[in-house]
Each structure stands twice: as C-alpha cells, then as structure tokens.
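Engineer: Structure supplied as protein_7.cif; contents: mmCIF, C-alpha atoms.
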```
data_target
#
loop_
_atom_site.label_atom_id
_atom_site.label_comp_id
_atom_site.auth_asym_id
_atom_site.auth_seq_id
_atom_site.Cartn_x
_atom_site.Cartn_y
_atom_site.Cartn_z
CA GLY S 1 36.09 18.28 -4.08
CA ARG S 2 38.45 17.96 -1.12
CA SER S 3 41.93 19.41 -1.19
CA GLY S 4 44.86 18.29 0.88
CA LEU S 5 45.83 15.06 2.55
CA ARG S 6 43.40 13.40 4.99
CA ILE S 7 44.81 10.72 7.28
CA MET S 8 42.94 8.36 9.59
CA HIS S 9 44.55 8.19 13.01
CA GLY S 10 41.92 6.13 14.79
CA LYS S 11 41.27 6.48 18.48
CA GLY S 12 43.23 9.38 19.90
CA HIS S 13 45.10 8.87 23.14
CA LEU S 14 48.51 9.74 24.46
CA ALA S 15 49.19 6.06 25.09
CA TYR S 16 48.46 5.42 21.40
CA GLY S 17 51.05 7.88 20.14
CA THR S 18 48.79 10.83 19.43
CA GLY S 19 51.17 13.23 21.19
CA LYS S 20 54.00 12.31 18.81
CA VAL S 21 51.65 12.76 15.85
CA LEU S 22 50.82 16.28 17.10
CA GLU S 23 54.55 17.06 17.32
CA ALA S 24 54.98 15.73 13.77
CA LEU S 25 52.16 17.98 12.53
CA ARG S 26 53.98 20.98 13.99
CA ILE S 27 57.03 20.00 11.91
CA VAL S 28 54.94 19.35 8.79
CA ALA S 29 53.29 22.79 9.09
CA ARG S 30 56.71 24.44 8.61
CA GLU S 31 57.04 22.90 5.14
CA ALA S 32 53.55 22.29 3.77
CA PRO S 33 49.88 22.69 4.56
CA SER S 34 48.96 20.41 7.43
CA PRO S 35 46.98 17.34 6.50
CA ARG S 36 43.65 16.67 8.18
CA ILE S 37 44.06 14.00 10.86
CA VAL S 38 40.88 12.10 11.71
CA VAL S 39 40.84 11.24 15.41
CA MET S 40 38.06 8.99 16.64
CA THR S 41 36.45 9.95 19.94
CA THR S 42 34.67 7.85 22.51
CA GLY S 43 32.03 10.22 23.80
CA GLU S 44 30.87 13.79 24.13
CA PRO S 45 33.82 16.16 23.61
CA GLU S 46 32.94 18.28 26.63
CA GLN S 47 32.99 15.18 28.85
CA ASP S 48 35.96 13.36 27.35
CA PRO S 49 39.14 14.32 29.27
CA VAL S 50 41.39 12.66 26.68
CA GLU S 51 39.92 14.69 23.86
CA GLN S 52 40.21 17.89 25.90
CA GLU S 53 43.85 17.10 26.65
CA LEU S 54 44.59 16.41 22.97
CA LYS S 55 42.89 19.64 21.92
CA ALA S 56 44.96 21.61 24.44
CA MET S 57 48.17 19.94 23.23
CA ALA S 58 47.27 20.57 19.60
CA GLU S 59 46.42 24.20 20.30
CA SER S 60 49.72 24.76 22.12
CA ARG S 61 51.54 23.39 19.06
CA GLY S 62 49.51 25.45 16.60
CA VAL S 63 47.96 22.41 14.90
CA LEU S 64 44.45 22.30 16.35
CA ASP S 65 42.96 23.10 12.93
CA ALA S 66 44.58 19.95 11.52
CA LEU S 67 42.60 17.68 13.84
CA GLU S 68 39.19 16.43 12.87
CA PHE S 69 37.53 14.79 15.85
CA HIS S 70 34.99 12.22 14.73
CA PRO S 71 32.61 10.30 16.96
CA GLY S 72 32.86 6.54 16.87
CA VAL S 73 30.89 4.89 14.07
CA PRO S 74 29.32 1.46 13.76
CA ILE S 75 31.65 -0.99 12.03
CA GLN S 76 29.43 -1.10 8.92
CA ASP S 77 29.93 2.67 8.49
CA MET S 78 33.71 2.57 8.81
CA PRO S 79 34.39 1.87 5.09
CA GLY S 80 32.60 5.09 4.16
CA LEU S 81 34.72 7.08 6.58
CA LEU S 82 37.93 5.40 5.41
CA ARG S 83 37.07 6.11 1.75
CA SER S 84 37.33 9.80 2.62
CA CYS S 85 40.95 9.33 3.75
CA ASP S 86 44.20 9.11 1.82
CA ALA S 87 46.27 7.10 4.31
CA GLY S 88 46.07 5.45 7.71
CA LEU S 89 48.30 5.71 10.78
CA ILE S 90 49.18 3.12 13.37
CA SER S 91 50.94 5.38 15.84
CA TYR S 92 51.89 3.23 18.82
CA GLY S 93 55.17 3.76 20.63
CA ARG S 94 57.45 0.92 21.68
CA ASP S 95 55.75 0.44 25.06
CA LEU S 96 52.56 -0.66 23.35
CA GLY S 97 53.44 -1.27 19.74
CA VAL S 98 55.98 -4.07 19.43
CA ASP S 99 53.63 -7.07 19.58
CA ILE S 100 50.45 -5.59 18.12
CA LEU S 101 48.37 -6.31 15.06
CA PRO S 102 45.25 -4.15 15.30
CA ASN S 103 42.27 -4.67 13.01
CA ARG S 104 42.84 -1.15 11.71
CA VAL S 105 45.76 -2.42 9.63
CA PHE S 106 43.43 -4.72 7.72
CA GLU S 107 40.75 -2.03 7.42
CA TYR S 108 43.33 0.31 5.84
CA LEU S 109 44.53 -2.39 3.45
CA ALA S 110 40.98 -3.35 2.46
CA MET S 111 40.26 0.27 1.55
CA GLY S 112 43.50 0.64 -0.41
CA LEU S 113 45.00 3.14 2.02
CA PRO S 114 48.76 3.40 2.42
CA VAL S 115 49.75 2.50 5.97
CA ILE S 116 52.18 4.55 8.04
CA ALA S 117 53.15 2.26 10.90
CA PRO S 118 55.85 1.66 13.51
CA SER S 119 58.98 0.02 12.16
CA TYR S 120 59.30 -1.92 15.42
CA ALA S 121 55.76 -3.40 15.31
CA MET S 122 56.93 -6.82 14.16
CA GLU S 123 53.63 -8.26 12.87
CA ILE S 124 52.62 -5.05 11.09
CA ALA S 125 56.10 -4.58 9.63
CA ARG S 126 56.07 -8.12 8.28
CA ILE S 127 52.86 -7.41 6.34
CA VAL S 128 53.88 -3.91 5.20
CA GLU S 129 57.24 -5.17 3.97
CA ALA S 130 55.83 -8.26 2.24
CA GLU S 131 53.05 -6.33 0.50
CA ARG S 132 55.05 -3.11 0.03
CA CYS S 133 51.93 -1.27 1.18
CA GLY S 134 53.17 1.44 3.49
CA LEU S 135 55.88 3.38 5.21
CA LEU S 136 57.53 2.08 8.37
CA VAL S 137 58.89 4.73 10.72
CA ASP S 138 59.89 5.21 14.33
CA PHE S 139 56.69 6.51 15.93
CA GLU S 140 58.67 7.81 18.87
CA SER S 141 60.35 10.29 16.50
CA PRO S 142 58.13 13.21 15.43
CA GLU S 143 60.69 14.00 12.72
CA ALA S 144 60.34 10.51 11.21
CA ILE S 145 56.55 10.71 11.34
CA ALA S 146 56.61 14.15 9.70
CA LYS S 147 58.90 12.90 6.93
CA ALA S 148 56.46 10.05 6.14
CA ILE S 149 53.45 12.38 6.20
CA LEU S 150 55.19 14.82 3.85
CA ARG S 151 56.25 12.04 1.48
CA LEU S 152 52.72 10.98 0.51
CA PRO S 153 51.45 14.22 -1.09
CA ARG S 154 54.86 14.84 -2.63
CA ASP S 155 54.72 11.47 -4.38
CA PRO S 156 51.06 10.77 -5.27
CA GLU S 157 52.05 7.90 -7.55
CA LEU S 158 53.79 6.16 -4.65
CA CYS S 159 50.73 6.81 -2.48
CA ARG S 160 48.44 5.19 -5.07
CA ASP S 161 50.81 2.27 -5.69
CA ILE S 162 51.28 1.31 -2.07
CA GLY S 163 47.56 1.61 -1.45
CA ARG S 164 46.83 -0.61 -4.45
CA ARG S 165 49.37 -3.21 -3.33
CA GLY S 166 47.81 -3.30 0.14
CA ARG S 167 44.36 -3.89 -1.34
CA GLU S 168 45.68 -6.64 -3.60
CA GLY S 169 47.48 -8.24 -0.63
CA ILE S 170 44.43 -8.35 1.57
CA LEU S 171 42.32 -9.85 -1.20
CA ALA S 172 44.94 -12.50 -1.94
CA ARG S 173 46.46 -13.33 1.47
CA HIS S 174 45.19 -11.43 4.51
CA ASN S 175 41.49 -12.25 4.69
CA LEU S 176 39.19 -14.54 6.62
CA GLU S 177 39.35 -17.23 3.96
#
```
Would you kindly transcribe this structure into structure tokens?

Structural biologist:
Amino acid sequence: GRSGLRIMHGKGHLAYGTGKVLEALRIVAREAPSPRIVVMTTGEPEQDPVEQELKAMAESRGVLDALEFHPGVPIQDMPGLLRSCDAGLISYGRDLGVDILPNRVFEYLAMGLPVIAPSYAMEIARIVEAERCGLLVDFESPEAIAKAILRLPRDPELCRDIGRRGREGILARHNLE
C-alpha cells in the first residue's frame, strides 16, 4: 500500500554523511518525487541536537518531508523495519569510510535490500562487487548519490536483482557459519 522509494539511512549524523545525503535529496527532488529516507535517532527529538541540526539542514534544502526520523529499535525488531525499505545506504565520507565494514551492510543483504555504498570503502566494495548487490558511488558527491537514488525506481528489475543477489550471497558466503 506504500508508494515511492523508501531507503534506510541508519543513524543520522553529519560525520556519517547525512549532510551529503540531504544535498542529494535536493537534487533528486528536481527530477522525481523524493524517496523517504529513514534516519534512526538516539533519543528524544527535542533533546537531540544532532536531529535538530539535521532537521534544520533538511528544511533549508526543502527536503524535510523526505526524512522519516525513527527511534532506535531493539535488534530483534530491525528486520521488520528493514522489510519496509527498498534499499539501504552506507553514507560515510572518506574520513570515516575507507576501512569500515558496519553490520548494517549484512543486515541489508540479509533482507535482500540493494546497497548504495561508498566506492572507496574497500571492504564493502569488495562484497558489493563480488555479489553484484549494490551501487558504489562517491558519498562525498551529492550528484553521485542522487544518480544512484534515482536509478533504483527507474529500474525496478535491477533493484530486485541486486537485492536478490545480496540475499543469496549472505546465505552462501557472508554469515556466521
């Protein structure tokens, strides 16, 4: 019953690339309806300075309506939240994102979500390239992020295929066994 693209961002923070995602949403809004971006919060919105800063940035860019702030959930509830999404972002810039491999990557793959991740995140890129389960872009370029976001709804078959390949990859190779 939902219309439009819904993308999991994860914890929102300027250090985690959320500012570049907001810039990308401004670009996307020129060409298509903005997707919903799920941003996880850490506390009460009125008391969370990061969330207030992100809301102000989003409002100044005309994309506040695209953000869906969601309080943190227990790990056992995360699959339900991810099932409501169409893709997942790993939005780190180069300062933080070269040598990372966050659990979120595996959560996205397990749920069959296409991953949009930094091309310079070596460990993530290795998995995304091997499994052909996502789009690798420069997350310091809002234009590159916007292009990836626009590509998914324009090519739903690609979106389904890369999500399926990610799920197959985690079941076969990227699990605790």

Engineer: Between S:Leu176, S:Ile145, S:Val98, S:Met8, which has the minimum distance to Leu81 of chain S (counting only C-alpha atoms)?

Structural biologist: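 With only C-alpha atoms as the atom set, the closest residue is S:Met8.
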
Engineer: Find the spatial neighbours of segment 160-169 of chain S, counting only C-alpha atoms, within a cut-off of 8 Å - ignore same-chain residues fewer than 3 positions away - and output them as a list of chain:residue names.

Structural biologist: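 My reading of the contact set: S:Leu109, S:Ala110, S:Met111, S:Gly112, S:Leu113, S:Pro114, S:Val115, S:Val128, S:Glu131, S:Arg132, S:Cys133, S:Gly134, S:Pro156, S:Glu157, S:Ala172, S:Arg173, S:His174.
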
Engineer: Once you count only C-alpha atoms, what closest atom pair and distance in Å to one decimal does each residue of segment 53-99 of chain S within 12 Å of segment 17-34 of chain S have, with rows by chain and rising residue number, as a Markdown table?

Structural biologist:
```
| residue | atom | partner | partner_atom | distance |
| --- | --- | --- | --- | --- |
| S:Glu53 | CA | S:Gly19 | CA | 9.9 |
| S:Leu54 | CA | S:Gly19 | CA | 7.5 |
| S:Lys55 | CA | S:Leu22 | CA | 9.9 |
| S:Ala56 | CA | S:Leu22 | CA | 10.8 |
| S:Met57 | CA | S:Leu22 | CA | 7.6 |
| S:Ala58 | CA | S:Leu22 | CA | 6.1 |
| S:Glu59 | CA | S:Leu22 | CA | 9.6 |
| S:Ser60 | CA | S:Leu22 | CA | 9.9 |
| S:Arg61 | CA | S:Arg26 | CA | 6.1 |
| S:Gly62 | CA | S:Arg26 | CA | 6.8 |
| S:Val63 | CA | S:Arg26 | CA | 6.3 |
| S:Leu64 | CA | S:Leu22 | CA | 8.8 |
| S:Asp65 | CA | S:Ser34 | CA | 8.6 |
| S:Ala66 | CA | S:Ser34 | CA | 6.0 |
| S:Leu67 | CA | S:Leu22 | CA | 9.0 |
| S:Glu68 | CA | S:Ser34 | CA | 11.9 |
| S:Leu89 | CA | S:Val21 | CA | 9.3 |
| S:Ile90 | CA | S:Gly17 | CA | 8.5 |
| S:Ser91 | CA | S:Gly17 | CA | 5.0 |
| S:Tyr92 | CA | S:Gly17 | CA | 4.9 |
| S:Gly93 | CA | S:Gly17 | CA | 5.8 |
| S:Arg94 | CA | S:Gly17 | CA | 9.6 |
| S:Asp95 | CA | S:Gly17 | CA | 10.1 |
| S:Leu96 | CA | S:Gly17 | CA | 9.2 |
| S:Gly97 | CA | S:Gly17 | CA | 9.5 |
```

Engineer: For a test of reading the model, state the distance in Å between atom CA of Thr41 of chain S and atom CA of Gly12 of chain S, rounded to one decimal.

Structural biologist: 6.8 Å

Engineer: For a test of reading the model, state the distance in Å between atom CA of Ile149 of chain S and atom CA of Thr42 of chain S, rounded to one decimal.

Structural biologist: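 Separating atom CA of Ile149 of chain S from atom CA of Thr42 of chain S is a distance of 25.3 Å.
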
Engineer: For atom CA of Arg104 of chain S and atom CA of Gly43 of chain S, determine how far apart the two atoms are, in Å to one decimal place.

Structural biologist: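 If I compute the distance from atom CA of Arg104 of chain S to atom CA of Gly43 of chain S, I get 19.8 Å.
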